[in-house]
Amino acid sequence: MSQWVINGIRAGIKTTAYPGKPETAAGVTPGLPVGGDYPANDVNSLISLCPTRVFSNSDSQILVDPRRCIHCYRCIRDIERPVNWEQTYEWGTIRDGQHEFGQPFERSIHICVVDAGDCGACLNEVKQLNNPYYNMHRLGFFITPTPRHADVLLVVGPVTDHMKFALRKVYDAMPTPKRVVAVGACALTGGVFAESFVCARGVADVLPVDVEVPGNPPPPLAILHGLLVVTGRKTPATWAGSKTIKT
């Protein structure tokens with residue numbers, strides 16, 4: 001035991017400094033598309049490359065919806081004119097401005113995580129928050145297995161048909177005030193499974209969503225940012241579902 005203590009002292013603190021300081025370590029984010037100046041004659045070919053309709057054309061502009069991005073990288077790999085990407089991780093946005101954030105969520109909060117048909121990718125990123133590097137407990141975030149003790153409902157997955165009733169029951173069992181955080185492209189829009197006969201177009205089809213965290217999967221720091229938005233300790237991401245890029 002003493003050897004472990006000595007090794008720990010020698011190694012020092014390895015937990016990320018975020019949110020106190022920006023995280024600069026390599027590999028903490030895959031980034032999101034933001035576009036940029038793009039040749040008008042190549043717009044249609046760019047749109048056709050994306051399997052989830054991230055890009056659309058309107059009045060000689062490319063509209064970019066990062067909520068739909070599944071990180072297939074078709075728009076930046078093996079293409080003559082790659083789209084610009086933003087290497088950030090503060091992706092949490094408030095959906096429709098439904099609630100005021102902060103009080104009464106400024107102190108420690110308990111989070112109930114529901115897998116509503118997730119492939120495992122987003123759920124695995126949520127699990128990383130409990131690891132020593134991200135250590136969400138230092139920020140006052142704790143996972144609870146029961147909705148009756150939960151302040152926040154964190155949902156991953158597109159909400160398959162067999163999970164709709166169960167998800168609603170979990171939400172109804174939570175005490176008020178409560179917040180819902182949808183994590184991942186599938187939870188936001190349904191992703192590649194959207195509008196099928198087996199699932200909804202995301203959590204908002206079933207529950208009132210307060211905070212959305214895009215990405216497929218979003219990195220742990222993006223999920224942490226979404227939770228910090230709920231508590232009022234971080235400002236939401238500047239994009240409100242989409243950005244416009246002049247062509």
# chains A, B, ... in the order shown; residues from 1 in each chain; ligands from 1
$ select_by_dssp --residues "region 3-144 of chain A" --states "alpha helix (DSSP H)" --output "PyMOL selection string"
chain A and resi 3-11+43-49+121-128
$ closest_residue --among "A:His71, A:Gly31, A:Val5, A:His225" --to "Leu129 (chain A)" --atoms "only C-alpha atoms"
A:His225
$ residues_around --residues "Asn44 (chain A)" --least-positions-apart "3" --cutoff "10 Å" --atoms "only C-alpha atoms" --output "PyMOL selection string"
chain A and resi 40-41+47-49+55-57+62
$ write_last_selection --atoms "N, CA and C atoms" --output "short mmCIF file (atom, residue, chain, number, x, y, z; two decimals), in the first residue's frame"
data_model
loop_
_atom_site.label_atom_id
_atom_site.label_comp_id
_atom_site.auth_asym_id
_atom_site.auth_seq_id
_atom_site.Cartn_x
_atom_site.Cartn_y
_atom_site.Cartn_z
N ALA A 40 -19.87 27.30 -54.81
CA ALA A 40 -21.30 27.08 -55.02
C ALA A 40 -21.58 25.88 -55.91
N ASN A 41 -20.68 25.60 -56.85
CA ASN A 41 -20.92 24.49 -57.76
C ASN A 41 -20.65 23.13 -57.11
N ILE A 47 -23.59 18.05 -50.00
CA ILE A 47 -24.83 17.64 -49.33
C ILE A 47 -25.09 16.15 -49.51
N SER A 48 -24.83 15.64 -50.71
CA SER A 48 -25.10 14.24 -51.00
C SER A 48 -24.15 13.30 -50.26
N LEU A 49 -23.01 13.80 -49.81
CA LEU A 49 -22.05 12.96 -49.09
C LEU A 49 -22.52 12.62 -47.69
N PHE A 55 -25.82 19.00 -43.77
CA PHE A 55 -25.70 20.17 -44.64
C PHE A 55 -26.97 20.35 -45.47
N SER A 56 -27.34 21.60 -45.65
CA SER A 56 -28.44 21.93 -46.55
C SER A 56 -28.13 23.27 -47.21
N ASN A 57 -28.78 23.52 -48.34
CA ASN A 57 -28.52 24.72 -49.12
C ASN A 57 -29.75 25.62 -49.07
N ILE A 62 -24.77 27.49 -47.17
CA ILE A 62 -24.78 26.15 -46.60
C ILE A 62 -25.22 26.27 -45.16
#
$ residues_around --residues "region 157-162 of chain A" --least-positions-apart "2" --cutoff "10 Å" --atoms "only C-alpha atoms" --output "PyMOL selection string"
chain A and resi 114-123+155+164-167+182-206
$ write_last_selection --atoms "C-alpha atoms" --output "short mmCIF file (atom, residue, chain, number, x, y, z; two decimals), in the first residue's frame"
data_model
loop_
_atom_site.label_atom_id
_atom_site.label_comp_id
_atom_site.auth_asym_id
_atom_site.auth_seq_id
_atom_site.Cartn_x
_atom_site.Cartn_y
_atom_site.Cartn_z
CA VAL A 114 -31.14 5.85 -19.29
CA ASP A 115 -30.05 3.84 -22.32
CA ALA A 116 -32.92 4.34 -24.75
CA GLY A 117 -31.59 2.11 -27.51
CA ASP A 118 -28.00 3.36 -27.65
CA CYS A 119 -25.47 1.40 -29.72
CA GLY A 120 -23.05 1.61 -26.80
CA ALA A 121 -20.84 4.44 -28.06
CA CYS A 122 -22.45 7.37 -26.22
CA LEU A 123 -23.09 5.26 -23.13
CA VAL A 155 -30.63 9.97 -22.03
CA LYS A 164 -40.72 4.99 -24.94
CA PHE A 165 -43.03 3.91 -22.13
CA ALA A 166 -40.14 3.07 -19.78
CA LEU A 167 -38.47 6.43 -20.43
CA ALA A 182 -30.06 14.43 -24.39
CA VAL A 183 -26.57 13.14 -25.27
CA GLY A 184 -25.45 12.17 -28.76
CA ALA A 185 -26.75 12.61 -32.30
CA CYS A 186 -29.21 9.73 -31.91
CA ALA A 187 -30.74 11.26 -28.78
CA LEU A 188 -31.00 14.65 -30.51
CA THR A 189 -32.28 13.72 -33.95
CA GLY A 190 -32.49 9.94 -34.17
CA GLY A 191 -29.19 9.80 -36.07
CA VAL A 192 -29.05 7.10 -38.75
CA PHE A 193 -32.07 5.41 -37.14
CA ALA A 194 -34.38 8.44 -37.30
CA GLU A 195 -37.97 8.25 -38.49
CA SER A 196 -37.98 4.49 -38.77
CA PHE A 197 -40.65 2.02 -37.74
CA VAL A 198 -38.69 1.06 -34.61
CA CYS A 199 -37.72 4.37 -33.03
CA ALA A 200 -38.48 8.04 -32.51
CA ARG A 201 -36.57 11.02 -33.88
CA GLY A 202 -34.79 11.53 -30.58
CA VAL A 203 -35.68 12.19 -26.96
CA ALA A 204 -37.64 15.38 -27.69
CA ASP A 205 -40.31 13.27 -29.39
CA VAL A 206 -41.06 11.74 -25.98
#
